[in-house]
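> Please find my_file19.tsv (TSV, C-alpha atoms) on the next line:
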```tsv
chain	number	residue	atom	x	y	z
I	18	ASP	CA	0.00	0.00	0.00
I	19	ARG	CA	1.27	3.44	-0.92
I	20	GLN	CA	-0.08	6.93	-0.59
I	21	ASP	CA	0.79	10.54	-1.36
I	22	LEU	CA	-1.56	13.25	-0.13
I	23	PRO	CA	-0.42	16.78	-1.02
I	24	ALA	CA	-1.72	19.63	1.13
I	25	ASP	CA	-3.35	21.36	-1.83
I	26	TYR	CA	-5.12	18.63	-3.79
I	27	GLY	CA	-8.10	20.17	-5.37
I	28	ASN	CA	-10.78	20.10	-7.96
I	29	LEU	CA	-9.74	17.84	-10.83
I	30	SER	CA	-11.62	15.90	-13.50
I	31	PRO	CA	-10.13	12.68	-14.92
I	32	THR	CA	-10.22	13.23	-18.68
I	33	ASP	CA	-8.08	10.45	-20.16
I	34	VAL	CA	-6.42	7.12	-19.39
I	35	ARG	CA	-3.62	5.73	-21.54
I	36	VAL	CA	-1.81	2.39	-21.32
I	37	GLY	CA	1.48	1.63	-23.04
I	38	SER	CA	4.13	-1.07	-23.04
I	39	HIS	CA	7.79	-0.03	-23.02
I	40	GLN	CA	11.12	-1.79	-22.65
I	41	GLY	CA	11.28	-2.99	-19.04
I	42	PHE	CA	7.97	-1.51	-17.87
I	43	ASP	CA	4.32	-0.95	-18.68
I	44	ARG	CA	2.79	2.48	-18.03
I	45	VAL	CA	-0.69	3.68	-17.11
I	46	VAL	CA	-1.27	7.44	-17.34
I	47	PHE	CA	-4.26	9.15	-15.73
I	48	GLU	CA	-4.74	12.70	-17.06
I	49	PHE	CA	-6.74	15.49	-15.38
I	50	GLU	CA	-8.13	18.96	-15.99
I	51	GLY	CA	-8.76	21.45	-13.20
I	52	THR	CA	-6.90	22.96	-10.28
I	53	GLY	CA	-4.77	21.54	-7.49
I	54	LYS	CA	-2.74	18.35	-7.27
I	55	PRO	CA	-4.07	14.80	-7.23
I	56	GLY	CA	-3.27	12.64	-4.24
I	57	TRP	CA	-3.49	8.86	-4.24
I	58	PHE	CA	-3.77	5.62	-2.32
I	59	THR	CA	-2.73	2.36	-4.04
I	60	ARG	CA	-3.22	-1.25	-3.03
I	61	LEU	CA	-2.74	-4.63	-4.69
I	62	THR	CA	-5.83	-6.78	-4.17
I	63	GLU	CA	-7.60	-9.78	-5.65
I	64	GLU	CA	-10.97	-8.30	-4.67
I	65	PRO	CA	-11.31	-4.63	-5.65
I	66	ALA	CA	-14.55	-2.98	-4.54
I	67	GLN	CA	-16.59	-0.02	-5.72
I	68	PRO	CA	-16.12	3.07	-3.55
I	69	GLY	CA	-19.11	3.78	-1.33
I	70	SER	CA	-21.13	0.62	-2.00
I	71	GLY	CA	-18.35	-1.92	-1.51
I	72	PHE	CA	-19.73	-4.05	-4.36
I	73	PRO	CA	-17.07	-6.20	-6.04
I	74	VAL	CA	-15.49	-4.95	-9.26
I	75	GLU	CA	-15.05	-7.50	-12.02
I	76	TYR	CA	-11.78	-7.11	-13.89
I	77	ALA	CA	-9.61	-8.97	-16.36
I	78	GLY	CA	-6.42	-10.30	-14.81
I	79	ASN	CA	-5.18	-12.27	-11.81
I	80	ILE	CA	-4.67	-9.36	-9.40
I	81	ALA	CA	-5.68	-5.72	-9.37
I	82	LEU	CA	-3.80	-2.57	-8.51
I	83	ASN	CA	-6.45	-0.35	-6.94
I	84	VAL	CA	-5.61	3.35	-7.52
I	85	ALA	CA	-7.78	5.81	-5.55
I	86	ILE	CA	-7.11	9.37	-6.73
I	87	GLU	CA	-7.98	12.16	-4.29
I	88	GLY	CA	-9.08	15.64	-5.32
I	89	THR	CA	-11.44	14.40	-8.05
I	90	PRO	CA	-14.97	15.18	-6.81
I	91	ALA	CA	-17.83	13.51	-8.68
I	92	PRO	CA	-19.08	15.57	-11.64
I	93	ILE	CA	-22.34	17.10	-10.47
I	94	ASP	CA	-22.63	20.09	-12.83
I	95	PRO	CA	-22.99	19.58	-16.62
I	96	GLU	CA	-19.70	21.36	-17.40
I	97	LYS	CA	-17.73	18.91	-15.24
I	98	GLN	CA	-19.73	15.94	-16.54
I	99	ALA	CA	-18.68	16.84	-20.08
I	100	LYS	CA	-14.98	16.67	-19.08
I	101	TRP	CA	-15.08	13.47	-17.00
I	102	ILE	CA	-14.36	10.14	-18.63
I	103	ASP	CA	-17.40	7.88	-18.76
I	104	ILE	CA	-18.17	6.41	-15.33
I	105	ASN	CA	-18.23	2.89	-16.84
I	106	ALA	CA	-15.09	3.44	-18.92
I	107	GLN	CA	-12.80	0.50	-19.63
I	108	PHE	CA	-9.43	0.89	-21.31
I	109	PRO	CA	-7.53	-1.93	-23.05
I	110	GLY	CA	-4.31	-3.11	-21.48
I	111	ALA	CA	-0.81	-3.59	-22.84
I	112	GLY	CA	1.97	-5.91	-21.70
I	113	SER	CA	1.37	-7.02	-18.10
I	114	VAL	CA	-1.67	-4.69	-17.80
I	115	THR	CA	-4.81	-6.61	-18.76
I	116	GLU	CA	-7.19	-3.62	-18.56
I	117	VAL	CA	-7.94	-0.41	-16.67
I	118	LYS	CA	-11.40	0.60	-15.52
I	119	LEU	CA	-12.99	3.34	-13.47
I	120	SER	CA	-14.82	1.61	-10.63
I	121	GLY	CA	-16.51	4.76	-9.33
I	122	ALA	CA	-16.25	8.16	-7.70
I	123	PHE	CA	-17.07	8.82	-4.06
I	124	GLU	CA	-16.30	11.60	-1.55
I	125	GLY	CA	-13.79	13.46	-3.72
I	126	GLN	CA	-12.04	10.33	-4.89
I	127	SER	CA	-12.08	8.48	-8.21
I	128	VAL	CA	-11.08	4.83	-8.00
I	129	PHE	CA	-9.46	2.98	-10.88
I	130	VAL	CA	-8.68	-0.72	-11.13
I	131	ILE	CA	-5.59	-1.76	-13.09
I	132	GLY	CA	-5.82	-5.47	-13.91
I	133	LEU	CA	-2.45	-7.24	-13.91
I	134	ASP	CA	-1.28	-10.69	-15.01
I	135	LYS	CA	0.50	-11.16	-11.63
I	136	PRO	CA	1.75	-9.05	-8.70
I	137	ARG	CA	4.55	-6.79	-9.90
I	138	PRO	CA	6.66	-3.98	-8.45
I	139	TYR	CA	5.39	-0.53	-9.42
I	140	SER	CA	6.08	3.15	-8.93
I	141	ILE	CA	3.68	6.07	-9.03
I	142	THR	CA	4.50	9.68	-9.92
I	143	ARG	CA	2.66	12.99	-10.22
I	144	LEU	CA	3.44	15.14	-13.28
I	145	GLU	CA	2.26	18.61	-14.32
I	146	ASN	CA	1.38	20.47	-17.55
I	147	PRO	CA	-0.96	18.66	-17.99
I	148	THR	CA	-1.72	17.18	-14.56
I	149	ARG	CA	-1.10	13.43	-14.60
I	150	VAL	CA	-0.65	10.48	-12.27
I	151	VAL	CA	1.68	7.91	-13.85
I	152	VAL	CA	1.94	4.29	-12.74
I	153	ASP	CA	4.96	2.35	-14.02
I	154	ILE	CA	4.74	-1.42	-13.63
I	155	GLN	CA	7.93	-3.45	-13.85
I	156	LYS	CA	7.95	-6.25	-16.43
```
Reformat the file's structure so that it appears as structure tokens.

Amino acid sequence: DRQDLPADYGNLSPTDVRVGSHQGFDRVVFEFEGTGKPGWFTRLTEEPAQPGSGFPVEYAGNIALNVAIEGTPAPIDPEKQAKWIDINAQFPGAGSVTEVKLSGAFEGQSVFVIGLDKPRPYSITRLENPTRVVVDIQK
């Protein structure tokens, strides 16, 4: 389990998810629009759950990397809804990543599930211009 909670995480909308395979690692990029910095909690689990309800999340793969991104309040107004990725969005995987899906948004947090073929070491980084959270998974 890892976390990084900056003091000024804010009001961000997840707008894109990209998955790519590179020499030595696979990468998942979460991109955001808005203000402030995203914080995160990560956890490897075989049983990811929807935020709020706790219902199980079905995913392709043998284990999931649960990535909860703070500072991403649910899109209530139409302008924010237009920017947010679809709440049922699924993104194809690459390399060791079997798929990525948004499992829900709850209390200022959007939760993504990264399906993996097996448990693997990973790192997570925050980048700016545009605001991104990048997860690198070792091959």
> Quick one: residues within 7 Å of Gly56 in chain I, all atoms listed in the file counted, chain neighbours fewer than 6 positions away excluded, as an MDAnalysis selection string?
chainID I and resid 21:23 26 86:88
> Need to verify the contact set: Ala81 in chain I, 12 Å, all atoms listed in the file, exclusion of same-chain residues closer than 2 positions in sequence. Can you return it as a PyMOL selection string?
chain I and resi 59-66+73-79+83-84+113-118+120+128-137
> Print the selection's residues with C-alpha atoms to a file, as a tab-separated table (two decimals), in the coordinates of the input.

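Wrote part19.tsv, looks like this:
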```tsv
chain	number	residue	atom	x	y	z
I	59	THR	CA	-2.73	2.36	-4.04
I	60	ARG	CA	-3.22	-1.25	-3.03
I	61	LEU	CA	-2.74	-4.63	-4.69
I	62	THR	CA	-5.83	-6.78	-4.17
I	63	GLU	CA	-7.60	-9.78	-5.65
I	64	GLU	CA	-10.97	-8.30	-4.67
I	65	PRO	CA	-11.31	-4.63	-5.65
I	66	ALA	CA	-14.55	-2.98	-4.54
I	73	PRO	CA	-17.07	-6.20	-6.04
I	74	VAL	CA	-15.49	-4.95	-9.26
I	75	GLU	CA	-15.05	-7.50	-12.02
I	76	TYR	CA	-11.78	-7.11	-13.89
I	77	ALA	CA	-9.61	-8.97	-16.36
I	78	GLY	CA	-6.42	-10.30	-14.81
I	79	ASN	CA	-5.18	-12.27	-11.81
I	83	ASN	CA	-6.45	-0.35	-6.94
I	84	VAL	CA	-5.61	3.35	-7.52
I	113	SER	CA	1.37	-7.02	-18.10
I	114	VAL	CA	-1.67	-4.69	-17.80
I	115	THR	CA	-4.81	-6.61	-18.76
I	116	GLU	CA	-7.19	-3.62	-18.56
I	117	VAL	CA	-7.94	-0.41	-16.67
I	118	LYS	CA	-11.40	0.60	-15.52
I	120	SER	CA	-14.82	1.61	-10.63
I	128	VAL	CA	-11.08	4.83	-8.00
I	129	PHE	CA	-9.46	2.98	-10.88
I	130	VAL	CA	-8.68	-0.72	-11.13
I	131	ILE	CA	-5.59	-1.76	-13.09
I	132	GLY	CA	-5.82	-5.47	-13.91
I	133	LEU	CA	-2.45	-7.24	-13.91
I	134	ASP	CA	-1.28	-10.69	-15.01
I	135	LYS	CA	0.50	-11.16	-11.63
I	136	PRO	CA	1.75	-9.05	-8.70
I	137	ARG	CA	4.55	-6.79	-9.90
```
> In terms of the shortest atom-to-atom distance over only C-alpha atoms, which of I:Leu144, I:Ile102, I:Leu82, I:Ile154 is closest to Phe42 in chain I?
I:Ile154
> Would you compute the distance between CA of His39 in chain I and CA of Arg143 in chain I? Give it in Å to one decimal.
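Interatomic distance, CA of His39 in chain I to CA of Arg143 in chain I: 19.0 Å.
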> Rounded to one decimal in Å, what is the spacing between CA of Gly69 in chain I and CA of Asp153 in chain I?
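Computed distance, CA of Gly69 in chain I to CA of Asp153 in chain I, equals 27.2 Å.
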> Between I:Glu124, I:Glu48, I:Asp18, I:Asp25, which residue has the minimum interatomic distance to Val151 in chain I, considering all atoms listed in the file?
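The answer is I:Glu48, which sits nearest to Val151 in chain I.
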> When you count all atoms listed in the file, which of these residues is closest to Pro147 in chain I: I:Asp33, I:Glu96, I:Asp103, I:Asp43?
I:Asp33
> Just the residues within 7 Å of Arg35 in chain I, please, counting only C-alpha atoms, with nothing from its chain fewer than 4 positions along; format it as a compact mmCIF listing (two decimals) with C-alpha atoms, in the coordinates of the input.

```
# COMPACT_ATOMS: atom_id res chain seq x y z
CA VAL I 45 -0.69 3.68 -17.11
CA VAL I 46 -1.27 7.44 -17.34
CA PHE I 47 -4.26 9.15 -15.73
```
> So, counting only C-alpha atoms, which residue among I:Val34, I:Gln155, I:Thr142, I:Phe49 is closest to Leu119 in chain I?
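Closest candidate: I:Val34.
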> If I wrap all listed atoms of range 54-72 of chain I in a box with edges along x, y and z and add 8 Å on each side, what are its centre and edge lengths in Å to one decimal, as AutoDock Vina command-line options?

```
--center_x -11.9 --center_y 4.3 --center_z -4.3 --size_x 34.4 --size_y 44.1 --size_z 21.9
```
> Any idea what the distance is between CA of Ile93 in chain I and CA of Phe123 in chain I?
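Atom-to-atom, CA of Ile93 in chain I and CA of Phe123 in chain I are spaced 11.7 Å apart.
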> Please list as a ChimeraX atom specification every residue within 7 Å of Ala122 in chain I, counting only C-alpha atoms and excluding residues in the same chain fewer than 2 positions away.
/I:68,91,126-128
